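Student: Just so it is clear, I am handing over target_6.txt, which has compact mmCIF, C-alpha atoms.
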```
# COMPACT_ATOMS: atom_id res chain seq x y z
CA MET F 1 38.76 -6.58 100.84
CA ALA F 2 38.37 -6.38 104.52
CA THR F 3 35.23 -4.29 104.22
CA THR F 4 33.26 -6.95 102.36
CA ALA F 5 30.13 -7.70 104.28
CA THR F 6 29.46 -11.37 104.78
CA MET F 7 25.90 -12.51 105.14
CA SER F 8 25.29 -15.72 107.01
CA LYS F 9 22.45 -16.80 104.76
CA ARG F 10 20.91 -15.75 101.46
CA SER F 11 18.63 -12.81 102.00
CA LEU F 12 16.30 -11.02 99.58
CA TRP F 13 17.05 -7.61 101.03
CA GLY F 14 20.56 -7.26 102.40
CA GLY F 15 20.77 -3.48 102.33
CA GLY F 16 20.11 -0.92 105.03
CA ALA F 17 17.09 1.32 104.90
CA GLU F 18 14.12 0.03 102.92
CA PRO F 19 13.17 2.10 99.85
CA PHE F 20 9.79 3.81 100.29
CA LYS F 21 9.74 2.37 103.84
CA ALA F 22 8.03 -0.69 102.38
CA SER F 23 9.36 -4.23 102.55
CA TYR F 24 10.90 -5.87 99.49
CA GLY F 25 7.96 -8.23 99.07
CA LYS F 26 5.30 -5.55 99.28
CA LEU F 27 7.16 -3.26 96.90
CA MET F 28 7.55 -6.00 94.31
CA MET F 29 3.87 -6.90 94.68
CA TRP F 30 2.97 -3.28 93.97
CA PHE F 31 5.07 -3.21 90.80
CA PHE F 32 3.66 -6.55 89.67
CA LEU F 33 0.16 -5.17 90.15
CA LEU F 34 1.09 -2.08 88.14
CA SER F 35 2.22 -4.27 85.24
CA ASP F 36 -0.92 -6.39 85.59
CA ALA F 37 -2.98 -3.20 85.44
CA PHE F 38 -1.30 -2.48 82.07
CA THR F 39 -2.42 -5.88 80.79
CA PHE F 40 -6.02 -5.31 81.84
CA SER F 41 -5.93 -1.79 80.42
CA GLY F 42 -4.90 -3.30 77.08
CA LEU F 43 -7.95 -5.57 77.15
CA LEU F 44 -10.33 -2.78 78.18
CA ILE F 45 -8.90 -0.43 75.54
CA THR F 46 -9.53 -3.13 72.92
CA TYR F 47 -13.09 -3.54 74.17
CA ALA F 48 -13.87 0.17 74.16
CA PHE F 49 -12.14 0.75 70.82
CA LEU F 50 -14.08 -2.04 69.09
CA ARG F 51 -17.29 -0.98 70.71
CA TRP F 52 -17.01 2.69 69.84
CA SER F 53 -16.18 1.86 66.23
CA ALA F 54 -19.05 -0.66 65.87
CA PRO F 55 -22.60 0.22 64.74
CA GLN F 56 -24.79 1.18 67.69
CA TYR F 57 -28.50 0.54 68.13
CA GLU F 58 -30.31 3.85 67.91
CA GLY F 59 -33.92 2.82 68.35
CA ASP F 60 -36.12 2.65 71.43
CA PRO F 61 -34.38 0.39 74.02
CA SER F 62 -37.71 -1.27 74.92
CA THR F 63 -38.10 -2.66 71.38
CA PHE F 64 -34.49 -3.83 71.15
CA THR F 65 -33.87 -7.23 69.61
CA PHE F 66 -30.58 -9.09 69.21
CA SER F 67 -28.87 -8.90 65.82
CA THR F 68 -25.38 -9.62 64.58
CA GLU F 69 -25.51 -6.28 62.75
CA TYR F 70 -25.05 -3.98 65.72
CA TRP F 71 -23.65 -3.93 69.26
CA PRO F 72 -26.11 -5.18 71.92
CA ILE F 73 -27.37 -3.20 74.93
CA PRO F 74 -25.64 -4.96 77.88
CA GLU F 75 -28.74 -4.81 80.13
CA LYS F 76 -30.61 -6.88 77.53
CA VAL F 77 -27.87 -9.53 77.39
CA PHE F 78 -27.27 -9.95 81.12
CA GLU F 79 -30.77 -10.16 82.53
CA ALA F 80 -31.01 -13.80 83.60
CA PHE F 81 -30.86 -15.12 87.14
CA PRO F 82 -30.18 -18.81 87.88
CA GLY F 83 -33.37 -20.63 88.81
CA LEU F 84 -35.65 -17.83 87.63
CA HIS F 85 -36.20 -18.81 84.01
CA GLY F 86 -38.00 -16.35 81.77
CA MET F 87 -37.86 -13.42 84.18
CA GLU F 88 -36.24 -10.19 83.07
CA LEU F 89 -33.90 -9.13 85.86
CA PRO F 90 -31.34 -6.88 84.19
CA LEU F 91 -27.93 -6.79 85.89
CA VAL F 92 -29.25 -8.36 89.11
CA PHE F 93 -26.99 -11.43 88.98
CA VAL F 94 -23.89 -9.42 88.13
CA GLY F 95 -24.79 -7.09 91.00
CA LEU F 96 -24.77 -10.07 93.33
CA MET F 97 -21.34 -11.08 91.98
CA THR F 98 -20.00 -7.56 92.58
CA PHE F 99 -21.40 -7.62 96.11
CA ILE F 100 -19.73 -10.99 96.84
CA LEU F 101 -16.34 -9.81 95.58
CA ILE F 102 -16.43 -6.51 97.52
CA LEU F 103 -17.42 -8.41 100.69
CA SER F 104 -14.54 -10.85 100.25
CA SER F 105 -12.26 -7.84 99.89
CA VAL F 106 -13.57 -6.52 103.20
CA THR F 107 -12.94 -9.84 104.95
CA MET F 108 -9.39 -9.73 103.53
CA VAL F 109 -8.80 -6.29 105.10
CA LEU F 110 -10.08 -7.69 108.38
CA ALA F 111 -7.61 -10.61 108.07
CA VAL F 112 -4.73 -8.15 107.49
CA GLU F 113 -5.88 -6.07 110.47
CA ALA F 114 -5.99 -9.21 112.66
CA GLY F 115 -2.50 -10.17 111.46
CA GLN F 116 -1.11 -6.84 112.60
CA ARG F 117 -2.47 -7.64 116.07
CA MET F 118 -0.91 -11.16 115.93
CA ASP F 119 -4.41 -12.57 116.40
CA LYS F 120 -4.01 -16.00 114.79
CA LYS F 121 -7.59 -17.11 115.40
CA ALA F 122 -9.07 -14.03 113.74
CA VAL F 123 -6.66 -14.27 110.76
CA VAL F 124 -7.70 -17.89 110.15
CA LYS F 125 -11.38 -16.99 110.45
CA TRP F 126 -11.27 -14.04 108.04
CA MET F 127 -9.02 -15.86 105.56
CA LEU F 128 -11.56 -18.69 105.47
CA TRP F 129 -14.35 -16.18 104.71
CA THR F 130 -12.22 -14.64 101.96
CA VAL F 131 -11.68 -18.07 100.38
CA ILE F 132 -15.42 -18.80 100.58
CA GLY F 133 -16.17 -15.44 98.93
CA GLY F 134 -13.73 -16.17 96.11
CA ILE F 135 -15.20 -19.61 95.47
CA ALA F 136 -18.73 -18.15 95.53
CA PHE F 137 -17.74 -15.56 92.92
CA LEU F 138 -16.17 -18.21 90.66
CA SER F 139 -19.30 -20.37 90.96
CA CYS F 140 -21.48 -17.42 89.94
CA GLN F 141 -19.21 -16.78 86.98
CA ALA F 142 -19.48 -20.43 85.92
CA LEU F 143 -23.30 -20.12 85.95
CA GLU F 144 -23.16 -16.88 83.99
CA TRP F 145 -20.83 -18.35 81.37
CA SER F 146 -22.95 -21.45 80.92
CA HIS F 147 -26.05 -19.29 80.39
CA PHE F 148 -24.16 -17.00 77.99
CA ILE F 149 -22.92 -20.00 75.97
CA SER F 150 -26.24 -21.88 75.84
CA GLY F 151 -28.25 -18.74 75.06
CA THR F 152 -31.89 -17.65 75.32
CA ASP F 153 -35.10 -19.27 74.07
CA THR F 154 -35.32 -17.27 70.85
CA ALA F 155 -32.62 -17.57 68.22
CA THR F 156 -31.01 -14.78 66.22
CA ILE F 157 -31.11 -15.34 62.46
CA SER F 158 -27.93 -14.55 60.55
CA ASP F 159 -25.61 -15.84 57.82
CA VAL F 160 -22.65 -17.59 59.40
CA VAL F 161 -19.91 -20.11 58.67
CA VAL F 162 -20.39 -23.32 60.68
CA ASN F 163 -17.49 -25.80 60.55
CA GLY F 164 -16.27 -24.27 57.31
CA ILE F 165 -19.68 -24.38 55.59
CA TRP F 166 -21.51 -21.18 54.70
CA LYS F 167 -25.06 -21.25 56.06
CA GLU F 168 -27.70 -18.69 55.25
CA ASN F 169 -30.43 -17.71 57.72
CA TYR F 170 -28.83 -19.84 60.39
CA GLU F 171 -30.51 -19.94 63.81
CA ILE F 172 -27.90 -18.86 66.35
CA PHE F 173 -28.38 -19.88 69.97
CA GLY F 174 -25.94 -18.69 72.60
CA ALA F 175 -22.34 -17.85 71.86
CA ASN F 176 -19.04 -19.32 70.79
CA LEU F 177 -15.79 -17.77 69.64
CA THR F 178 -16.85 -17.37 65.97
CA PHE F 179 -20.42 -16.08 66.27
CA ASN F 180 -23.08 -15.35 68.88
CA GLN F 181 -26.77 -14.49 69.10
CA TYR F 182 -26.22 -11.23 70.99
CA GLY F 183 -24.25 -9.11 68.55
CA PRO F 184 -21.11 -8.93 66.40
CA PRO F 185 -18.61 -11.83 66.85
CA ALA F 186 -16.25 -9.51 68.75
CA PHE F 187 -18.83 -9.03 71.51
CA ALA F 188 -18.73 -12.64 72.75
CA ALA F 189 -15.01 -13.01 72.03
CA LEU F 190 -14.28 -9.99 74.24
CA PHE F 191 -16.67 -11.24 76.91
CA PHE F 192 -14.89 -14.60 77.08
CA PHE F 193 -11.45 -13.04 77.01
CA ILE F 194 -11.94 -10.23 79.54
CA THR F 195 -14.15 -11.95 82.12
CA GLY F 196 -12.15 -15.14 81.59
CA PHE F 197 -8.84 -13.41 82.22
CA HIS F 198 -10.29 -11.78 85.31
CA GLY F 199 -11.77 -15.11 86.45
CA PHE F 200 -8.35 -16.70 86.07
CA HIS F 201 -6.95 -13.98 88.34
CA VAL F 202 -9.67 -14.72 90.90
CA PHE F 203 -8.83 -18.42 90.66
CA SER F 204 -5.10 -17.76 91.28
CA GLY F 205 -6.10 -15.48 94.16
CA VAL F 206 -8.21 -18.22 95.73
CA VAL F 207 -5.29 -20.68 95.43
CA LEU F 208 -2.95 -18.17 97.11
CA ASN F 209 -5.53 -17.46 99.82
CA VAL F 210 -5.92 -21.18 100.55
CA ILE F 211 -2.13 -21.52 100.94
CA ILE F 212 -2.01 -18.51 103.28
CA PHE F 213 -5.00 -19.86 105.20
CA PHE F 214 -3.23 -23.17 105.88
CA ASN F 215 0.08 -21.48 106.71
CA ALA F 216 -1.67 -19.17 109.19
CA ALA F 217 -3.65 -22.04 110.70
CA ASN F 218 -0.47 -24.10 111.12
CA GLY F 219 1.14 -21.23 113.00
CA LEU F 220 3.89 -20.54 110.44
CA TYR F 221 3.44 -16.75 110.56
CA GLU F 222 3.19 -16.73 114.34
CA LYS F 223 6.58 -18.48 114.49
CA ARG F 224 7.93 -16.01 111.94
CA GLY F 225 6.81 -13.17 114.14
CA HIS F 226 4.76 -11.28 111.56
CA TYR F 227 1.82 -11.75 109.17
CA GLU F 228 3.27 -9.88 106.20
CA MET F 229 2.37 -12.66 103.75
CA VAL F 230 -1.29 -11.98 104.51
CA GLU F 231 -0.74 -8.31 103.59
CA LYS F 232 1.03 -9.18 100.31
CA VAL F 233 -1.61 -11.66 99.16
CA GLY F 234 -4.19 -9.14 100.39
CA LEU F 235 -2.79 -6.58 97.95
CA TYR F 236 -3.29 -9.06 95.09
CA TRP F 237 -6.80 -9.90 96.23
CA HIS F 238 -7.84 -6.23 96.39
CA PHE F 239 -6.40 -5.74 92.93
CA VAL F 240 -8.66 -8.50 91.62
CA ASP F 241 -11.60 -6.67 93.20
CA LEU F 242 -10.40 -3.40 91.67
CA VAL F 243 -10.24 -4.92 88.18
CA TRP F 244 -13.77 -6.28 88.59
CA VAL F 245 -15.01 -2.76 89.43
CA PHE F 246 -13.70 -1.65 86.02
CA VAL F 247 -14.91 -4.74 84.13
CA PHE F 248 -18.34 -4.25 85.71
CA THR F 249 -18.53 -0.64 84.52
CA PHE F 250 -17.19 -1.22 81.01
CA PHE F 251 -18.87 -4.50 80.19
CA TYR F 252 -22.18 -4.36 82.03
CA LEU F 253 -23.10 -0.72 82.62
CA ILE F 254 -21.88 1.28 79.62
CA MET X 1 6.88 -25.87 120.35
CA GLU X 2 3.65 -25.44 122.24
CA GLN X 3 5.21 -22.89 124.56
CA ALA X 4 6.60 -20.89 121.67
CA THR X 5 3.16 -20.42 120.12
CA THR X 6 1.34 -19.51 123.31
CA SER X 7 3.87 -16.84 124.24
CA VAL X 8 2.76 -14.51 121.42
CA ALA X 9 0.76 -11.63 122.85
CA VAL X 10 -2.49 -10.99 121.00
CA GLN X 11 -3.34 -7.31 121.01
CA PRO X 12 -6.97 -6.38 121.52
CA ALA X 13 -8.92 -5.24 118.45
CA ASP X 14 -9.25 -1.50 117.86
CA ARG X 15 -12.98 -0.97 117.41
CA SER X 16 -12.66 2.36 115.59
CA LYS X 17 -10.29 0.80 113.03
CA ILE X 18 -12.68 -2.08 112.29
CA LEU X 19 -15.58 0.37 112.11
CA GLY X 20 -13.54 2.37 109.55
CA ILE X 21 -13.14 -0.73 107.36
CA TRP X 22 -16.89 -1.35 107.35
CA LYS X 23 -17.49 2.33 106.60
CA ILE X 24 -15.39 2.04 103.41
CA ALA X 25 -17.34 -1.12 102.51
CA GLY X 26 -20.55 0.87 103.00
CA ILE X 27 -19.32 3.66 100.72
CA LEU X 28 -18.47 1.10 98.00
CA ALA X 29 -21.95 -0.44 98.31
CA ILE X 30 -23.65 2.99 98.14
CA VAL X 31 -21.66 4.07 95.07
CA THR X 32 -22.59 0.79 93.33
CA ALA X 33 -26.24 1.40 94.23
CA ILE X 34 -26.02 4.91 92.71
CA GLU X 35 -24.61 3.33 89.52
CA TYR X 36 -27.67 1.06 89.36
CA VAL X 37 -30.00 4.03 89.78
CA PHE X 38 -28.34 5.74 86.80
CA ALA X 39 -28.39 2.49 84.77
CA PHE X 40 -32.17 2.19 85.10
CA THR X 41 -33.34 5.80 85.06
CA MET X 42 -31.07 7.44 82.50
CA ASP X 43 -30.86 6.83 78.74
CA ALA X 44 -27.54 5.70 77.35
CA GLY X 45 -25.31 8.47 76.10
CA MET X 46 -22.05 10.27 76.53
CA LEU X 47 -23.10 11.91 79.82
CA ARG X 48 -24.12 8.60 81.41
CA THR X 49 -20.86 7.01 80.30
CA ILE X 50 -18.89 9.84 81.94
CA ILE X 51 -20.94 9.46 85.16
CA PHE X 52 -20.25 5.70 85.23
CA ILE X 53 -16.52 6.15 84.70
CA GLY X 54 -16.41 8.91 87.33
CA LEU X 55 -18.16 6.72 89.92
CA THR X 56 -15.84 3.82 89.04
CA ILE X 57 -12.83 6.02 89.75
CA VAL X 58 -14.39 6.97 93.11
CA LYS X 59 -14.66 3.26 93.97
CA ALA X 60 -11.12 2.61 92.71
CA PHE X 61 -9.83 5.43 94.93
CA TYR X 62 -11.33 3.90 98.08
CA ILE X 63 -10.11 0.38 97.25
CA VAL X 64 -6.55 1.47 96.44
CA SER X 65 -6.19 4.13 99.11
CA GLU X 66 -7.83 2.34 102.05
CA PHE X 67 -8.05 -1.40 101.35
CA MET X 68 -4.64 -1.57 99.68
CA HIS X 69 -3.31 1.00 102.15
CA LEU X 70 -1.59 3.05 99.46
CA GLY X 71 -2.94 6.29 100.92
CA HIS X 72 -0.90 5.64 104.06
CA GLU X 73 2.38 4.83 102.28
CA VAL X 74 5.34 7.13 101.58
CA LYS X 75 4.72 9.83 98.94
CA GLY X 76 7.33 8.36 96.58
CA LEU X 77 5.52 5.02 96.49
CA ILE X 78 2.15 6.69 95.93
CA TYR X 79 3.47 8.60 92.93
CA SER X 80 5.38 5.67 91.45
CA ILE X 81 2.06 3.79 91.22
CA LEU X 82 -0.21 6.74 90.46
CA LEU X 83 1.77 8.54 87.73
CA PRO X 84 2.08 5.56 85.31
CA MET X 85 -1.67 4.98 85.72
CA LEU X 86 -2.44 8.65 85.00
CA PHE X 87 -0.40 8.51 81.78
CA LEU X 88 -2.28 5.33 80.91
CA VAL X 89 -5.63 7.07 81.35
CA TRP X 90 -4.44 9.75 78.93
CA LEU X 91 -3.63 7.00 76.41
CA ILE X 92 -7.01 5.33 76.96
CA VAL X 93 -8.91 8.59 76.36
CA ALA X 94 -6.90 9.25 73.20
CA LEU X 95 -7.34 5.73 71.79
CA VAL X 96 -10.97 5.15 72.66
CA GLN X 97 -12.56 8.52 72.26
CA LEU X 98 -10.63 9.97 69.34
CA GLU X 99 -9.28 6.97 67.42
CA GLY X 100 -12.40 4.81 67.84
CA ALA X 101 -14.62 7.55 66.44
CA ALA X 102 -12.14 8.30 63.66
CA ILE X 103 -11.95 4.64 62.55
CA LYS X 104 -15.73 4.38 62.60
CA LYS X 105 -16.01 7.45 60.39
CA ALA X 106 -13.20 6.37 58.05
CA ARG X 107 -14.79 2.94 57.50
CA GLY X 108 -18.17 4.53 56.95
CA ILE X 109 -19.83 2.49 59.69
CA GLU X 110 -23.29 3.77 60.46
CA ASN X 111 -25.50 3.18 63.45
CA TYR X 112 -28.55 0.95 63.18
CA VAL X 113 -31.88 2.78 63.16
CA PRO X 114 -34.94 0.49 63.25
CA ALA X 115 -37.51 1.07 60.52
CA GLY X 116 -40.31 3.36 61.58
CA THR X 117 -38.25 5.30 64.10
CA GLU X 118 -37.62 8.92 63.47
CA HIS X 119 -33.94 9.58 63.33
CA VAL X 120 -32.92 12.17 65.87
CA ASP X 121 -29.23 12.98 65.84
CA ASP X 122 -28.47 13.38 69.55
CA SER X 123 -25.12 11.65 69.56
CA HIS X 124 -23.26 14.91 70.08
```
Let's see the structure in the file written out as structure tokens.
Tutor:
Amino acid sequence: MATTATMSKRSLWGGGAEPFKASYGKLMMWFFLLSDAFTFSGLLITYAFLRWSAPQYEGDPSTFTFSTEYWPIPEKVFEAFPGLHGMELPLVFVGLMTFILILSSVTMVLAVEAGQRMDKKAVVKWMLWTVIGGIAFLSCQALEWSHFISGTDTATISDVVVNGIWKENYEIFGANLTFNQYGPPAFAALFFFITGFHGFHVFSGVVLNVIIFFNAANGLYEKRGHYEMVEKVGLYWHFVDLVWVFVFTFFYLI
Amino acid sequence: MEQATTSVAVQPADRSKILGIWKIAGILAIVTAIEYVFAFTMDAGMLRTIIFIGLTIVKAFYIVSEFMHLGHEVKGLIYSILLPMLFLVWLIVALVQLEGAAIKKARGIENYVPAGTEHVDDSH
């Protein structure tokens, strides 16, 4: 076995040419994102399937009221803005959240671009902005969830089971996993599950971004000679933005 | 250690490249604004749903192709990501559009029409 190649240290890619001319890390990130896209597709399919097979409201949208009998109109559910109590501002807050996430995606591209130029100062600056954007998005989501859970001023009357006891004409405020004031139980359950799963992805992304931020600031990537880690985490961060684009359309617009 | 870090040559920023990034950001913002216009001026229905999904795919294209740089990768990589997603879209259309409607019909679920409103069947 004279031809056996001996490698001095353990390497993740010991072969010759790189497949698809992409590094091992980037390629694996792409395939992870593909599998993650399958997971999110499963959730969105469930949402759309349940929604399209649920009773729809067919009256005039201006006279719409919440009921557990039919699916709500999303604009009527998501019309609150923190600090502006009682004002009807449909989809304004979620628009702000979308704007924040897209902007943090842009700052991430700028960090990647700076990394390709070996500009450590610019990488650190743009990574910091990306982290701030991610935290801002999560804070907005926390406000939205707390409003969704506590509910509006007027209750929805319905027959529900509370702690195992059947209650008729119960006043429902807000939402939990068994019933909600906005529509059928599945509506709130899907809201918690889909936006929660996405929020968890954003949270993991922020944690990764913070690690990359410190590594870049400490000069680790400069010593390594390249900023590929920024590109790999960038791919994940853009994916989180991409998923939000779909969640926004399916949950808030349609 | 100090010498090792200062020896790295920082290349100057390419203005046209950075301008390109902001241009994509502008396109994403404009498409989102168009979605809002449709959300507030058009009544809900199949056509509006198709418009929303179409505009979402436009946004997804710019994010994946430019921000994630997939448009500039090797063809083999582009297809190995794109083809599974295309098959998935086929599955989504089949499950949501056909199966969802079929289940609704089979269970006899009917839409809610408020009292006093004339029922106009415009769902098709």
Student: What is the distance between atom CA of Asp60 of chain F and atom CA of Phe187 of chain F, in Å to one decimal?
Tutor: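 Calculated distance between atom CA of Asp60 of chain F and atom CA of Phe187 of chain F is 20.9 Å.
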Student: What is the atom CA of Ile135 of chain F to atom CA of Val206 of chain F distance in Å?
Tutor: 7.1 Å
Student: Hey, could you make a per-residue contact list for segment 5-112 of chain F against segment 36-59 of chain X with 9 Å as the cut-off, showing the nearest pair of atoms and its distance in Å to one decimal, counting only C-alpha atoms, sorted by chain and number, as a tab-separated table?
Tutor:
```
residue	atom	partner	partner_atom	distance
F:Pro61	CA	X:Asp43	CA	8.7
F:Glu75	CA	X:Ala39	CA	8.7
F:Leu91	CA	X:Tyr36	CA	8.6
F:Gly95	CA	X:Tyr36	CA	8.8
```
Student: Restrict the distance test to only C-alpha atoms, flag each residue of chain X within 6 Å of chain F, and return the flagged residues as a ChimeraX atom specification.
Tutor: /X:10-11,49,68,74,77,96,100-101,104,110-114
Student: Report, in Å with one decimal, the straight-line distance from atom CA of Ala136 of chain F to atom CA of Leu96 of chain F.
Tutor: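 These atoms are spaced 10.3 Å apart.
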Student: When you count all atoms listed in the file, which of these residues is closest to Phe137 of chain F: F:Val202, F:Ala186, F:Ile194, F:Met229?
Tutor: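 Comparing F:Val202, F:Ala186, F:Ile194, F:Met229 against Phe137 of chain F, the winner is F:Val202.
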Student: Which one of F:Ile157, F:Ala80, F:Val240, F:Val162 sits closest to Ala60 of chain X if you count only C-alpha atoms?
Tutor: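 Once distances to Ala60 of chain X are computed over only C-alpha atoms, the minimum belongs to F:Val240.
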Student: Quick one: residues within 12 Å of Leu143 of chain F, all atoms listed in the file counted, chain neighbours fewer than 6 positions away excluded, as a list in words?
Tutor: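 So, after excluding close chain neighbours, the residues are Phe78, Ala80, Phe81, Pro82, Gly83, Phe93, Val94, Met97, Ala136, Phe137, Ile149 and Ser150 of chain F.
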